[in-house]
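Structure file entry-v3.cif; described as mmCIF, C-alpha atoms.
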data_input
#
loop_
_atom_site.label_atom_id
_atom_site.label_comp_id
_atom_site.auth_asym_id
_atom_site.auth_seq_id
_atom_site.Cartn_x
_atom_site.Cartn_y
_atom_site.Cartn_z
CA MET A 1 4.13 -7.64 4.90
CA ASN A 2 3.46 -10.18 2.25
CA GLN A 3 6.25 -9.91 -0.28
CA ARG A 4 5.51 -11.53 -3.65
CA GLN A 5 8.03 -13.89 -5.24
CA HIS A 6 9.39 -11.46 -7.83
CA ASP A 7 9.81 -8.61 -5.35
CA MET A 8 13.21 -9.79 -4.19
CA GLY A 9 14.68 -6.67 -2.61
CA GLY A 10 15.70 -7.53 0.96
CA MET A 11 15.03 -11.27 0.76
CA LYS A 12 17.57 -13.57 2.38
CA ALA A 13 20.03 -14.93 -0.17
CA GLY A 14 23.58 -16.26 -0.35
CA PRO A 15 26.69 -14.78 -1.96
CA VAL A 16 26.59 -13.58 -5.55
CA GLU A 17 28.16 -16.15 -7.83
CA SER A 18 30.20 -14.46 -10.48
CA ASP A 19 30.73 -17.41 -12.82
CA GLU A 20 28.74 -16.87 -15.96
CA HIS A 21 28.17 -18.35 -19.35
CA ALA A 22 27.26 -16.74 -22.65
CA ALA A 23 23.55 -16.67 -23.52
CA GLU A 24 22.55 -19.86 -25.29
CA PRO A 25 21.28 -19.49 -28.88
CA TRP A 26 17.71 -20.40 -27.88
CA ALA A 27 17.75 -17.73 -25.16
CA LYS A 28 18.62 -15.14 -27.79
CA MET A 29 15.95 -16.58 -30.07
CA ILE A 30 13.18 -16.27 -27.46
CA THR A 31 14.35 -12.73 -26.69
CA SER A 32 14.09 -11.91 -30.39
CA VAL A 33 10.60 -13.41 -30.62
CA ALA A 34 9.59 -11.25 -27.65
CA ALA A 35 11.09 -8.18 -29.35
CA ALA A 36 9.25 -8.97 -32.61
CA LEU A 37 5.98 -9.20 -30.66
CA ARG A 38 6.76 -5.83 -29.11
CA ASP A 39 7.48 -4.33 -32.55
CA HIS A 40 3.96 -5.31 -33.60
CA ASP A 41 2.54 -4.00 -30.33
CA ILE A 42 1.23 -7.49 -29.55
CA MET A 43 3.08 -7.93 -26.28
CA ARG A 44 4.41 -5.11 -24.17
CA ILE A 45 7.24 -5.46 -21.71
CA ASP A 46 4.97 -4.72 -18.76
CA GLU A 47 2.59 -7.46 -19.81
CA LEU A 48 5.43 -9.95 -19.92
CA ARG A 49 6.58 -8.76 -16.50
CA ARG A 50 3.09 -9.34 -15.10
CA ALA A 51 2.94 -12.81 -16.66
CA LEU A 52 6.32 -13.61 -15.08
CA GLU A 53 5.22 -12.39 -11.68
CA ASP A 54 2.07 -14.53 -11.87
CA LEU A 55 3.94 -17.81 -12.49
CA PRO A 56 3.61 -20.54 -9.85
CA GLU A 57 6.52 -20.49 -7.42
CA ASP A 58 8.15 -23.72 -8.63
CA ILE A 59 8.25 -22.37 -12.19
CA TYR A 60 9.35 -18.88 -11.18
CA LYS A 61 12.39 -20.43 -9.46
CA GLN A 62 13.67 -21.83 -12.74
CA ASP A 63 16.25 -20.23 -14.99
CA TYR A 64 15.53 -16.82 -16.41
CA PHE A 65 14.69 -17.82 -19.99
CA GLU A 66 12.84 -20.93 -18.88
CA ARG A 67 10.63 -18.64 -16.85
CA TRP A 68 10.26 -16.38 -19.90
CA SER A 69 9.10 -19.28 -22.08
CA GLU A 70 6.42 -20.30 -19.59
CA ALA A 71 5.24 -16.73 -19.10
CA MET A 72 5.05 -16.08 -22.85
CA VAL A 73 2.98 -19.21 -23.47
CA ASN A 74 0.56 -18.12 -20.74
CA LEU A 75 0.36 -14.58 -22.04
CA LEU A 76 -0.11 -15.56 -25.69
CA GLU A 77 -2.80 -18.03 -24.65
CA GLU A 78 -4.52 -15.27 -22.67
CA LYS A 79 -4.43 -13.10 -25.79
CA GLY A 80 -5.97 -15.92 -27.84
CA LEU A 81 -2.98 -16.16 -30.17
CA LEU A 82 -2.10 -19.76 -29.36
CA THR A 83 -2.90 -22.41 -26.77
CA ARG A 84 -0.63 -24.34 -24.45
CA SER A 85 -1.82 -27.60 -25.98
CA GLU A 86 -0.85 -26.32 -29.45
CA VAL A 87 2.60 -25.59 -28.09
CA MET A 88 2.83 -29.05 -26.50
CA GLY A 89 1.69 -30.63 -29.79
CA LYS A 90 4.29 -28.67 -31.71
CA MET A 91 6.95 -29.71 -29.23
CA ASP A 92 6.09 -33.37 -29.80
CA ALA A 93 6.19 -32.86 -33.56
CA LEU A 94 9.59 -31.16 -33.37
CA LYS A 95 10.90 -33.94 -31.14
CA THR A 96 9.79 -36.56 -33.64
CA GLN A 97 11.51 -34.65 -36.44
CA LEU A 98 14.72 -34.53 -34.41
CA GLU A 99 14.60 -38.23 -33.67
CA VAL A 100 14.13 -39.27 -37.29
CA MET B 101 24.20 -47.19 -11.30
CA THR B 102 27.16 -49.10 -9.86
CA THR B 103 27.13 -50.76 -6.44
CA ASP B 104 29.59 -48.17 -5.14
CA GLU B 105 27.45 -45.24 -6.21
CA ARG B 106 24.43 -46.88 -4.72
CA GLY B 107 26.29 -47.26 -1.42
CA THR B 108 27.33 -43.61 -1.15
CA HIS B 109 23.98 -42.48 -2.49
CA ASP B 110 22.20 -44.42 0.24
CA HIS B 111 19.23 -45.30 -1.92
CA GLY B 112 19.21 -48.84 -3.19
CA HIS B 113 16.68 -48.22 -5.94
CA ASP B 114 16.66 -46.19 -9.13
CA HIS B 115 14.45 -43.14 -9.18
CA ASP B 116 14.48 -39.56 -10.27
CA HIS B 117 15.17 -36.94 -7.69
CA PRO B 118 12.25 -34.59 -7.19
CA GLY B 119 12.58 -31.65 -9.53
CA THR B 120 10.75 -28.40 -10.00
CA THR B 121 8.30 -29.59 -12.64
CA PRO B 122 8.22 -33.12 -14.09
CA ASP B 123 9.10 -32.60 -17.75
CA ALA B 124 11.07 -29.45 -17.19
CA ASN B 125 14.11 -31.42 -16.01
CA GLU B 126 14.44 -33.00 -19.39
CA THR B 127 17.38 -31.57 -21.30
CA GLY B 128 16.25 -29.25 -24.03
CA TYR B 129 12.65 -29.02 -22.82
CA TYR B 130 12.54 -25.23 -22.84
CA GLU B 131 14.60 -24.95 -25.98
CA LEU B 132 11.91 -27.05 -27.61
CA MET B 133 9.12 -24.96 -26.05
CA ALA B 134 10.67 -21.74 -27.35
CA GLU B 135 11.13 -23.19 -30.83
CA ALA B 136 7.55 -24.49 -30.85
CA MET B 137 6.21 -21.09 -29.82
CA LYS B 138 8.25 -19.31 -32.50
CA GLU B 139 7.11 -21.70 -35.25
CA LEU B 140 3.46 -21.41 -34.22
CA LEU B 141 3.62 -17.61 -34.20
CA ILE B 142 5.16 -17.64 -37.67
CA GLU B 143 2.67 -20.20 -39.04
CA LYS B 144 -0.21 -18.13 -37.71
CA GLY B 145 1.26 -14.99 -39.24
CA VAL B 146 1.53 -13.18 -35.90
CA VAL B 147 5.19 -12.41 -36.58
CA SER B 148 7.34 -13.23 -39.59
CA ALA B 149 10.59 -15.18 -39.64
CA ASP B 150 12.16 -11.97 -40.90
CA ASP B 151 10.94 -9.99 -37.86
CA VAL B 152 12.60 -12.51 -35.59
CA ARG B 153 15.82 -12.59 -37.62
CA ARG B 154 16.14 -8.80 -37.65
CA ASN B 155 15.72 -8.66 -33.89
CA LEU B 156 18.26 -11.44 -33.44
CA GLU B 157 20.78 -9.53 -35.56
CA PHE B 158 20.23 -6.41 -33.48
CA LEU B 159 20.64 -8.40 -30.25
CA ASP B 160 23.84 -9.99 -31.53
CA SER B 161 25.23 -6.57 -32.39
CA ARG B 162 24.81 -5.34 -28.78
CA ASP B 163 27.86 -5.53 -26.58
CA PRO B 164 29.36 -3.80 -23.51
CA ALA B 165 31.84 -2.20 -25.92
CA GLU B 166 28.97 0.05 -27.02
CA GLY B 167 28.51 1.32 -23.48
CA ALA B 168 32.27 1.76 -23.16
CA ARG B 169 32.27 4.10 -26.17
CA ILE B 170 29.63 6.22 -24.47
CA ILE B 171 31.66 6.43 -21.26
CA ALA B 172 34.93 7.17 -23.06
CA ARG B 173 33.22 9.97 -24.97
CA ALA B 174 31.84 11.43 -21.74
CA TRP B 175 35.35 11.41 -20.28
CA THR B 176 36.81 13.22 -23.27
CA ASP B 177 33.96 15.54 -24.27
CA GLU B 178 32.68 17.76 -21.48
CA ASP B 179 29.64 18.98 -23.47
CA PHE B 180 28.59 15.44 -24.28
CA LYS B 181 28.97 14.44 -20.64
CA LYS B 182 26.67 17.28 -19.65
CA ARG B 183 24.05 16.20 -22.18
CA LEU B 184 24.43 12.56 -21.12
CA LEU B 185 23.74 13.36 -17.46
CA GLU B 186 20.86 15.68 -18.33
CA ASP B 187 19.06 13.33 -20.69
CA GLY B 188 20.68 9.93 -21.16
CA THR B 189 18.11 8.68 -23.66
CA LYS B 190 18.64 11.65 -25.96
CA ALA B 191 22.42 11.69 -25.64
CA VAL B 192 22.88 7.99 -26.48
CA GLY B 193 20.34 8.47 -29.27
CA GLU B 194 22.78 10.98 -30.78
CA MET B 195 25.34 8.16 -30.91
CA GLY B 196 22.85 5.88 -32.64
CA PHE B 197 21.60 3.82 -29.69
CA PRO B 198 17.80 3.54 -29.71
CA MET B 199 16.41 3.02 -26.18
CA GLY B 200 12.99 1.99 -27.50
CA ASP B 201 10.26 2.44 -24.89
CA ALA B 202 12.67 2.81 -22.00
CA VAL B 203 14.30 5.89 -20.55
CA LEU B 204 18.05 5.82 -19.85
CA ILE B 205 19.34 7.58 -16.75
CA VAL B 206 23.11 7.96 -16.43
CA VAL B 207 24.43 8.28 -12.89
CA GLU B 208 27.89 9.72 -12.26
CA ASN B 209 30.42 8.36 -9.77
CA THR B 210 32.31 11.11 -7.96
CA ASP B 211 34.82 11.37 -5.11
CA ASP B 212 31.91 11.25 -2.67
CA VAL B 213 29.35 8.99 -4.34
CA HIS B 214 29.46 5.51 -5.83
CA ASN B 215 26.48 4.26 -7.87
CA MET B 216 25.41 0.71 -8.61
CA ILE B 217 22.41 -0.63 -10.48
CA VAL B 218 20.06 -3.54 -9.90
CA CYS B 219 16.56 -4.59 -10.84
CA THR B 220 14.97 -6.15 -7.76
CA LEU B 221 11.63 -6.85 -9.48
CA CYS B 222 12.83 -8.57 -12.64
CA SER B 223 16.16 -8.09 -14.38
CA CYS B 224 15.79 -4.85 -16.33
CA TYR B 225 19.11 -3.88 -17.84
CA PRO B 226 20.25 -1.32 -20.43
CA ARG B 227 20.55 -3.97 -23.16
CA THR B 228 20.79 -1.46 -25.97
CA VAL B 229 24.15 -0.28 -24.68
CA LEU B 230 25.42 -3.31 -22.72
CA GLY B 231 23.95 -6.38 -24.45
CA LEU B 232 22.27 -9.18 -22.48
CA PRO B 233 22.76 -9.10 -18.70
CA PRO B 234 25.23 -11.49 -17.03
CA ASP B 235 23.82 -14.41 -15.02
CA TRP B 236 24.67 -12.86 -11.66
CA TYR B 237 22.63 -9.73 -12.47
CA LYS B 238 19.55 -11.94 -12.84
CA SER B 239 20.30 -14.02 -9.73
CA LYS B 240 18.24 -13.92 -6.57
CA SER B 241 21.39 -13.17 -4.54
CA TYR B 242 22.15 -9.97 -6.42
CA ARG B 243 18.53 -8.81 -6.71
CA ALA B 244 17.77 -9.47 -3.05
CA ARG B 245 20.94 -8.14 -1.47
CA ALA B 246 22.11 -5.20 -3.58
CA VAL B 247 19.49 -2.93 -2.03
CA VAL B 248 20.09 -3.87 1.62
CA GLU B 249 23.78 -4.68 1.86
CA PRO B 250 25.43 -3.12 -1.20
CA ARG B 251 28.86 -2.90 0.41
CA SER B 252 28.93 -6.64 1.12
CA VAL B 253 27.84 -7.35 -2.45
CA LEU B 254 30.53 -5.00 -3.78
CA LYS B 255 33.15 -6.84 -1.68
CA GLU B 256 32.13 -10.08 -3.38
CA PHE B 257 33.13 -8.40 -6.63
CA GLY B 258 36.43 -7.33 -5.05
CA THR B 259 35.35 -3.72 -4.72
CA GLU B 260 36.10 -2.08 -1.38
CA LEU B 261 35.02 1.51 -0.94
CA PRO B 262 36.00 3.92 1.83
CA ASP B 263 33.39 4.13 4.62
CA ASP B 264 32.81 7.81 4.01
CA LYS B 265 31.83 7.26 0.40
CA THR B 266 28.07 7.22 -0.16
CA VAL B 267 26.78 4.18 -2.03
CA ARG B 268 23.64 4.81 -4.07
CA VAL B 269 21.74 1.83 -5.40
CA HIS B 270 19.41 2.45 -8.33
CA ASP B 271 16.53 0.01 -8.81
CA SER B 272 15.62 -0.23 -12.50
CA ASN B 273 12.27 -1.12 -13.98
CA ALA B 274 10.76 -1.96 -17.34
CA ASP B 275 10.51 1.70 -18.36
CA MET B 276 13.65 3.09 -16.72
CA ARG B 277 17.20 1.80 -17.15
CA TYR B 278 20.39 3.04 -15.53
CA LEU B 279 24.01 3.23 -16.63
CA VAL B 280 26.88 4.15 -14.32
CA LEU B 281 29.38 6.75 -15.49
CA PRO B 282 32.51 5.63 -13.59
CA GLU B 283 35.25 8.03 -12.54
CA GLN B 284 38.09 8.19 -15.02
CA PRO B 285 41.02 6.34 -13.42
CA GLU B 286 44.07 8.34 -12.40
CA GLY B 287 46.93 8.12 -14.85
CA THR B 288 44.71 8.06 -17.93
CA GLU B 289 44.67 11.82 -18.48
CA GLY B 290 45.27 12.65 -22.11
CA TRP B 291 44.38 9.15 -23.33
CA SER B 292 42.44 8.93 -26.58
CA ALA B 293 38.78 7.86 -26.58
CA GLU B 294 39.86 4.55 -28.17
CA GLN B 295 42.36 3.85 -25.39
CA LEU B 296 39.79 4.74 -22.75
CA THR B 297 37.11 2.54 -24.33
CA ALA B 298 39.35 -0.47 -23.76
CA ILE B 299 39.44 -0.04 -19.97
CA VAL B 300 35.69 0.49 -19.42
CA THR B 301 34.20 -2.85 -18.46
CA ARG B 302 30.60 -4.00 -18.30
CA ASP B 303 30.83 -4.48 -14.53
CA ALA B 304 32.14 -0.94 -14.08
CA MET B 305 29.09 0.38 -15.95
CA VAL B 306 26.79 -1.64 -13.68
CA GLY B 307 28.75 -0.19 -10.77
CA VAL B 308 30.05 -3.37 -9.15
CA THR B 309 33.70 -2.71 -10.02
CA LEU B 310 35.90 0.29 -10.80
CA PRO B 311 37.74 0.70 -14.10
CA GLN B 312 41.49 0.11 -13.83
CA ALA B 313 44.11 1.93 -15.87
#
Step by step, read the file and then write its structure as C-alpha coordinates.
Amino acid sequence: MNQRQHDMGGMKAGPVESDEHAAEPWAKMITSVAAALRDHDIMRIDELRRALEDLPEDIYKQDYFERWSEAMVNLLEEKGLLTRSEVMGKMDALKTQLEV
Amino acid sequence: MTTDERGTHDHGHDHDHPGTTPDANETGYYELMAEAMKELLIEKGVVSADDVRRNLEFLDSRDPAEGARIIARAWTDEDFKKRLLEDGTKAVGEMGFPMGDAVLIVVENTDDVHNMIVCTLCSCYPRTVLGLPPDWYKSKSYRARAVVEPRSVLKEFGTELPDDKTVRVHDSNADMRYLVLPEQPEGTEGWSAEQLTAIVTRDAMVGVTLPQA
(Lines of atoms letter the chains of each structure in order from A and count residues from 1; the text may use other names and numbers.)
(Lines give C-alpha, C1' and ligand atoms only; values in the text may rest on other atoms or scores of the structure.)
Protein backbone atom coordinates (compact mmCIF):
# COMPACT_ATOMS: atom_id res chain seq x y z
CA MET A 1 0.00 0.00 0.00
CA ASN A 2 1.27 3.40 -0.88
CA GLN A 3 1.05 5.51 2.25
CA ARG A 4 1.23 9.27 1.66
CA GLN A 5 3.61 11.42 3.71
CA HIS A 6 1.00 12.93 6.03
CA ASP A 7 -0.68 9.59 6.77
CA MET A 8 1.75 8.72 9.53
CA GLY A 9 -0.15 6.06 11.48
CA GLY A 10 2.05 2.96 11.69
CA MET A 11 5.17 4.47 10.12
CA LYS A 12 8.50 3.60 11.70
CA ALA A 13 9.65 6.30 14.10
CA GLY A 14 11.83 6.71 17.18
CA PRO A 15 10.90 7.53 20.77
CA VAL A 16 8.65 10.48 21.54
CA GLU A 17 10.72 13.41 22.75
CA SER A 18 8.96 15.18 25.54
CA ASP A 19 11.05 18.36 25.65
CA GLU A 20 8.99 21.23 24.38
CA HIS A 21 9.09 24.95 23.98
CA ALA A 22 6.34 27.55 24.04
CA ALA A 23 4.92 28.56 20.66
CA GLU A 24 6.95 31.38 19.16
CA PRO A 25 5.12 34.69 18.61
CA TRP A 26 5.21 34.29 14.81
CA ALA A 27 3.66 30.81 15.11
CA LYS A 28 0.76 32.33 17.01
CA MET A 29 0.56 35.12 14.45
CA ILE A 30 0.28 32.75 11.48
CA THR A 31 -2.33 30.72 13.37
CA SER A 32 -4.30 33.93 13.91
CA VAL A 33 -4.05 34.87 10.23
CA ALA A 34 -5.36 31.41 9.36
CA ALA A 35 -8.23 31.85 11.84
CA ALA A 36 -9.08 35.28 10.39
CA LEU A 37 -9.21 33.73 6.91
CA ARG A 38 -11.54 31.08 8.27
CA ASP A 39 -13.76 33.74 9.88
CA HIS A 40 -14.24 35.27 6.43
CA ASP A 41 -14.81 31.84 4.90
CA ILE A 42 -11.79 32.39 2.63
CA MET A 43 -9.83 29.37 3.78
CA ARG A 44 -11.33 26.34 5.44
CA ILE A 45 -9.41 23.99 7.67
CA ASP A 46 -9.82 21.10 5.24
CA GLU A 47 -8.37 23.18 2.43
CA LEU A 48 -5.32 23.97 4.52
CA ARG A 49 -4.99 20.29 5.39
CA ARG A 50 -5.04 19.38 1.69
CA ALA A 51 -2.44 22.06 0.91
CA LEU A 52 -0.24 20.65 3.68
CA GLU A 53 -0.59 17.10 2.41
CA ASP A 54 0.36 18.22 -1.11
CA LEU A 55 3.67 19.82 -0.07
CA PRO A 56 6.87 18.31 -1.49
CA GLU A 57 8.44 15.84 0.92
CA ASP A 58 11.45 17.99 1.84
CA ILE A 59 9.15 20.84 2.84
CA TYR A 60 6.63 18.63 4.62
CA LYS A 61 9.46 17.37 6.86
CA GLN A 62 10.07 20.85 8.24
CA ASP A 63 8.68 22.25 11.45
CA TYR A 64 4.93 22.44 11.86
CA PHE A 65 4.47 26.19 11.36
CA GLU A 66 7.09 26.34 8.63
CA ARG A 67 5.01 23.78 6.79
CA TRP A 68 1.90 25.87 7.48
CA SER A 69 3.50 28.99 5.98
CA GLU A 70 4.42 27.17 2.77
CA ALA A 71 1.00 25.55 2.48
CA MET A 72 -0.82 28.85 3.05
CA VAL A 73 1.21 30.64 0.37
CA ASN A 74 0.37 27.85 -2.09
CA LEU A 75 -3.29 27.86 -1.17
CA LEU A 76 -3.69 31.65 -1.30
CA GLU A 77 -1.92 31.69 -4.66
CA GLU A 78 -4.29 28.98 -5.91
CA LYS A 79 -7.20 31.16 -4.78
CA GLY A 80 -5.76 34.14 -6.65
CA LEU A 81 -5.40 36.22 -3.50
CA LEU A 82 -1.63 36.66 -3.70
CA THR A 83 1.34 35.19 -5.54
CA ARG A 84 4.48 33.55 -4.23
CA SER A 85 6.59 36.18 -5.95
CA GLU A 86 4.63 38.93 -4.16
CA VAL A 87 5.41 37.19 -0.90
CA MET A 88 9.10 36.89 -1.81
CA GLY A 89 9.16 40.57 -2.78
CA LYS A 90 7.55 41.55 0.50
CA MET A 91 10.05 39.41 2.38
CA ASP A 92 12.92 41.27 0.71
CA ALA A 93 11.31 44.61 1.53
CA LEU A 94 10.83 43.63 5.18
CA LYS A 95 14.42 42.43 5.37
CA THR A 96 15.68 45.74 4.03
CA GLN A 97 13.58 47.60 6.60
CA LEU A 98 15.05 45.46 9.38
CA GLU A 99 18.59 46.05 8.20
CA VAL A 100 18.25 49.83 8.06
CA MET B 1 36.51 27.61 11.59
CA THR B 2 39.56 26.75 13.70
CA THR B 3 42.12 24.12 12.72
CA ASP B 4 40.91 21.86 15.52
CA GLU B 5 37.30 21.97 14.40
CA ARG B 6 38.36 21.32 10.86
CA GLY B 7 40.29 18.25 12.03
CA THR B 8 37.38 16.68 13.91
CA HIS B 9 34.96 17.75 11.21
CA ASP B 10 37.05 15.97 8.59
CA HIS B 11 36.29 18.47 5.86
CA GLY B 12 39.09 20.89 5.14
CA HIS B 13 36.92 23.41 3.31
CA ASP B 14 34.08 25.69 4.31
CA HIS B 15 30.66 24.82 3.00
CA ASP B 16 27.10 24.60 4.10
CA HIS B 17 25.74 21.24 5.03
CA PRO B 18 22.93 20.14 2.76
CA GLY B 19 19.63 21.29 4.19
CA THR B 20 16.01 20.73 3.34
CA THR B 21 15.54 23.75 1.12
CA PRO B 22 18.25 26.34 0.36
CA ASP B 23 16.89 29.54 1.90
CA ALA B 24 14.80 27.80 4.50
CA ASN B 25 17.83 27.19 6.72
CA GLU B 26 18.30 30.89 7.16
CA THR B 27 17.27 32.00 10.63
CA GLY B 28 13.99 33.83 10.56
CA TYR B 29 13.10 32.83 7.00
CA TYR B 30 9.64 31.54 7.86
CA GLU B 31 9.01 34.27 10.38
CA LEU B 32 9.60 36.68 7.54
CA MET B 33 7.39 34.67 5.17
CA ALA B 34 4.53 34.68 7.67
CA GLU B 35 4.87 38.41 8.29
CA ALA B 36 5.00 39.09 4.54
CA MET B 37 1.86 37.04 3.97
CA LYS B 38 0.00 38.81 6.78
CA GLU B 39 0.96 42.27 5.51
CA LEU B 40 -0.03 41.44 1.95
CA LEU B 41 -3.42 40.10 3.06
CA ILE B 42 -4.03 43.26 5.07
CA GLU B 43 -2.87 45.58 2.25
CA LYS B 44 -5.17 43.80 -0.18
CA GLY B 45 -8.06 44.06 2.27
CA VAL B 46 -8.56 40.28 2.46
CA VAL B 47 -8.41 40.44 6.26
CA SER B 48 -7.98 43.40 8.57
CA ALA B 49 -5.29 43.92 11.18
CA ASP B 50 -8.11 43.91 13.69
CA ASP B 51 -9.31 40.45 12.56
CA VAL B 52 -5.83 39.09 13.15
CA ARG B 53 -5.46 40.83 16.51
CA ARG B 54 -8.79 39.53 17.80
CA ASN B 55 -7.86 35.99 16.84
CA LEU B 56 -4.47 36.37 18.49
CA GLU B 57 -6.12 37.54 21.71
CA PHE B 58 -8.45 34.54 21.65
CA LEU B 59 -5.52 32.19 21.04
CA ASP B 60 -3.55 33.74 23.89
CA SER B 61 -6.49 33.28 26.22
CA ARG B 62 -6.60 29.49 25.57
CA ASP B 63 -4.84 27.32 28.09
CA PRO B 64 -5.00 23.76 29.48
CA ALA B 65 -6.48 25.31 32.63
CA GLU B 66 -9.70 25.74 30.63
CA GLY B 67 -9.87 22.01 29.97
CA ALA B 68 -9.07 21.33 33.62
CA ARG B 69 -12.12 23.35 34.68
CA ILE B 70 -14.27 21.18 32.44
CA ILE B 71 -12.86 17.97 33.93
CA ALA B 72 -13.14 19.21 37.53
CA ARG B 73 -16.77 20.13 36.90
CA ALA B 74 -17.48 16.69 35.45
CA TRP B 75 -15.97 15.11 38.58
CA THR B 76 -18.12 17.20 40.90
CA ASP B 77 -21.36 17.51 38.92
CA GLU B 78 -22.87 14.21 37.83
CA ASP B 79 -25.48 15.83 35.55
CA PHE B 80 -22.84 17.88 33.77
CA LYS B 81 -20.69 14.79 33.31
CA LYS B 82 -23.62 13.02 31.69
CA ARG B 83 -24.20 15.93 29.31
CA LEU B 84 -20.47 16.16 28.58
CA LEU B 85 -20.25 12.51 27.55
CA GLU B 86 -23.46 12.70 25.53
CA ASP B 87 -22.61 15.83 23.58
CA GLY B 88 -19.21 17.34 24.34
CA THR B 89 -19.62 20.27 21.95
CA LYS B 90 -22.87 21.37 23.57
CA ALA B 91 -21.69 20.82 27.14
CA VAL B 92 -18.48 22.86 26.77
CA GLY B 93 -20.53 25.46 24.90
CA GLU B 94 -22.56 25.86 28.10
CA MET B 95 -19.31 26.80 29.85
CA GLY B 96 -18.52 29.36 27.16
CA PHE B 97 -16.10 27.38 24.98
CA PRO B 98 -16.96 27.72 21.29
CA MET B 99 -15.79 24.69 19.28
CA GLY B 100 -16.27 26.49 15.96
CA ASP B 101 -16.66 24.05 13.06
CA ALA B 102 -15.38 21.07 15.00
CA VAL B 103 -17.24 18.55 17.12
CA LEU B 104 -15.85 17.69 20.57
CA ILE B 105 -16.09 14.11 21.77
CA VAL B 106 -15.23 13.45 25.41
CA VAL B 107 -14.02 9.94 26.20
CA GLU B 108 -14.11 8.64 29.77
CA ASN B 109 -11.36 6.62 31.45
CA THR B 110 -12.72 3.87 33.68
CA ASP B 111 -11.33 0.96 35.69
CA ASP B 112 -11.31 -1.11 32.50
CA VAL B 113 -10.54 1.39 29.75
CA HIS B 114 -7.83 3.98 29.19
CA ASN B 115 -8.22 6.50 26.35
CA MET B 116 -5.56 8.48 24.54
CA ILE B 117 -5.80 10.88 21.62
CA VAL B 118 -3.69 11.48 18.55
CA CYS B 119 -4.05 12.94 15.09
CA THR B 120 -2.15 10.69 12.69
CA LEU B 121 -3.03 12.75 9.59
CA CYS B 122 -2.12 16.22 10.80
CA SER B 123 -2.12 17.49 14.37
CA CYS B 124 -5.77 18.22 15.14
CA TYR B 125 -6.15 19.09 18.79
CA PRO B 126 -8.94 20.57 20.95
CA ARG B 127 -7.32 24.02 20.98
CA THR B 128 -10.40 25.77 22.29
CA VAL B 129 -10.08 23.95 25.59
CA LEU B 130 -6.35 23.09 25.73
CA GLY B 131 -4.55 25.85 23.80
CA LEU B 132 -1.90 25.08 21.19
CA PRO B 133 -0.64 21.48 21.08
CA PRO B 134 2.77 20.60 22.57
CA ASP B 135 5.63 19.80 20.17
CA TRP B 136 5.53 16.07 20.85
CA TYR B 137 1.85 15.88 19.83
CA LYS B 138 2.83 17.17 16.38
CA SER B 139 5.90 14.93 16.09
CA LYS B 140 6.20 12.06 13.65
CA SER B 141 7.08 9.71 16.53
CA TYR B 142 3.83 10.32 18.36
CA ARG B 143 1.63 10.40 15.25
CA ALA B 144 3.15 7.25 13.78
CA ARG B 145 3.38 5.12 16.91
CA ALA B 146 0.40 6.02 19.10
CA VAL B 147 -1.93 3.94 16.94
CA VAL B 148 0.24 0.81 16.70
CA GLU B 149 2.12 0.64 19.98
CA PRO B 150 0.24 2.87 22.43
CA ARG B 151 1.55 1.07 25.51
CA SER B 152 5.17 1.70 24.51
CA VAL B 153 4.37 5.35 23.85
CA LEU B 154 2.62 5.62 27.22
CA LYS B 155 5.70 4.13 28.92
CA GLU B 156 7.80 6.90 27.38
CA PHE B 157 5.55 9.31 29.27
CA GLY B 158 6.05 7.25 32.45
CA THR B 159 2.57 5.77 32.29
CA GLU B 160 2.36 2.02 32.91
CA LEU B 161 -1.06 0.44 32.72
CA PRO B 162 -2.08 -3.04 33.84
CA ASP B 163 -2.15 -5.57 30.96
CA ASP B 164 -5.84 -6.24 31.44
CA LYS B 165 -6.76 -2.60 30.93
CA THR B 166 -8.00 -1.84 27.42
CA VAL B 167 -6.22 1.05 25.71
CA ARG B 168 -8.35 2.92 23.18
CA VAL B 169 -6.63 5.31 20.82
CA HIS B 170 -8.79 7.98 19.21
CA ASP B 171 -7.59 9.45 15.92
CA SER B 172 -8.79 13.05 15.57
CA ASN B 173 -9.43 14.95 12.37
CA ALA B 174 -10.17 18.47 11.24
CA ASP B 175 -13.87 18.18 12.10
CA MET B 176 -13.69 15.97 15.19
CA ARG B 177 -11.62 16.61 18.32
CA TYR B 178 -11.30 14.47 21.43
CA LEU B 179 -10.75 15.21 25.10
CA VAL B 180 -10.02 12.55 27.71
CA LEU B 181 -12.01 12.60 30.94
CA PRO B 182 -9.49 11.02 33.35
CA GLU B 183 -10.52 9.04 36.41
CA GLN B 184 -10.61 11.14 39.55
CA PRO B 185 -7.58 10.09 41.63
CA GLU B 186 -8.18 8.27 44.88
CA GLY B 187 -7.91 10.46 47.94
CA THR B 188 -9.47 13.50 46.29
CA GLU B 189 -13.05 12.72 47.29
CA GLY B 190 -14.77 15.80 48.64
CA TRP B 191 -12.25 18.21 47.09
CA SER B 192 -13.63 21.44 45.68
CA ALA B 193 -13.74 22.03 41.92
CA GLU B 194 -10.93 24.60 42.36
CA GLN B 195 -8.70 22.09 44.13
CA LEU B 196 -9.42 19.46 41.49
CA THR B 197 -8.72 21.86 38.62
CA ALA B 198 -5.16 22.24 39.91
CA ILE B 199 -4.34 18.53 39.51
CA VAL B 200 -5.75 18.06 35.98
CA THR B 201 -2.85 18.40 33.55
CA ARG B 202 -2.83 18.87 29.80
CA ASP B 203 -1.14 15.49 29.31
CA ALA B 204 -3.81 13.77 31.39
CA MET B 205 -6.49 15.25 29.11
CA VAL B 206 -4.62 13.96 26.05
CA GLY B 207 -4.44 10.61 27.83
CA VAL B 208 -0.68 10.12 28.01
CA THR B 209 -0.49 10.49 31.80
CA LEU B 210 -2.79 10.04 34.78
CA PRO B 211 -3.66 12.88 37.16
CA GLN B 212 -1.94 12.60 40.54
CA ALA B 213 -3.47 13.72 43.82
If the PyMOL selection byres ((chain A) within 7 of (chain B)) is run on the structure shown, which residues does it catch, given as a PyMOL selection string? chain A and resi 6-18+20+26+28-30+32-33+35-37+45-46+58-59+66+69+87+90-91
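With CA of Arg173 in chain B on one side and CA of Met276 in chain B on the other, the separation reads 22.3 Å.
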What would the selection look like, as number ranges by chain, if the PyMOL selection byres ((chain B and resi 162-168) around 10) were run on the coordinates I just shared? B: 157-161, 169-174, 192, 195, 197, 226-233, 279-281, 293-294, 296-305
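If you measure from each of A:Gly80, A:Glu53, A:Arg44, A:Phe65 to Pro25 in chain A using only C-alpha atoms, the closest one turns out to be A:Phe65.
Against the coordinates shown, the PyMOL selection byres ((chain B and resi 189) around 7) returns Asp187, Gly188, Lys190, Ala191, Val192, Gly193, Met199, Val203 and Leu204 of chain B.
Polymer residues near (11.2, -13.3, -24.3): counting all atoms listed in the file with a cut-off of 6 Å, they are Ile30, Thr31, Ala34 and Trp68 of chain A.
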Box time for range 29-34 of chain A: axis-aligned, enclosing all its listed atoms, 8 Å extra on each side; report centre and edge lengths in Å to one decimal, as lines of an AutoDock Vina configuration file.
center_x = 12.8
center_y = -13.9
center_z = -28.7
size_x = 22.4
size_y = 21.3
size_z = 19.9
Under the rule that all atoms listed in the file are counted, which of A:Tyr64, A:Arg84, A:Arg4, A:Leu75 is the nearest residue to Glu24 in chain A? A:Tyr64
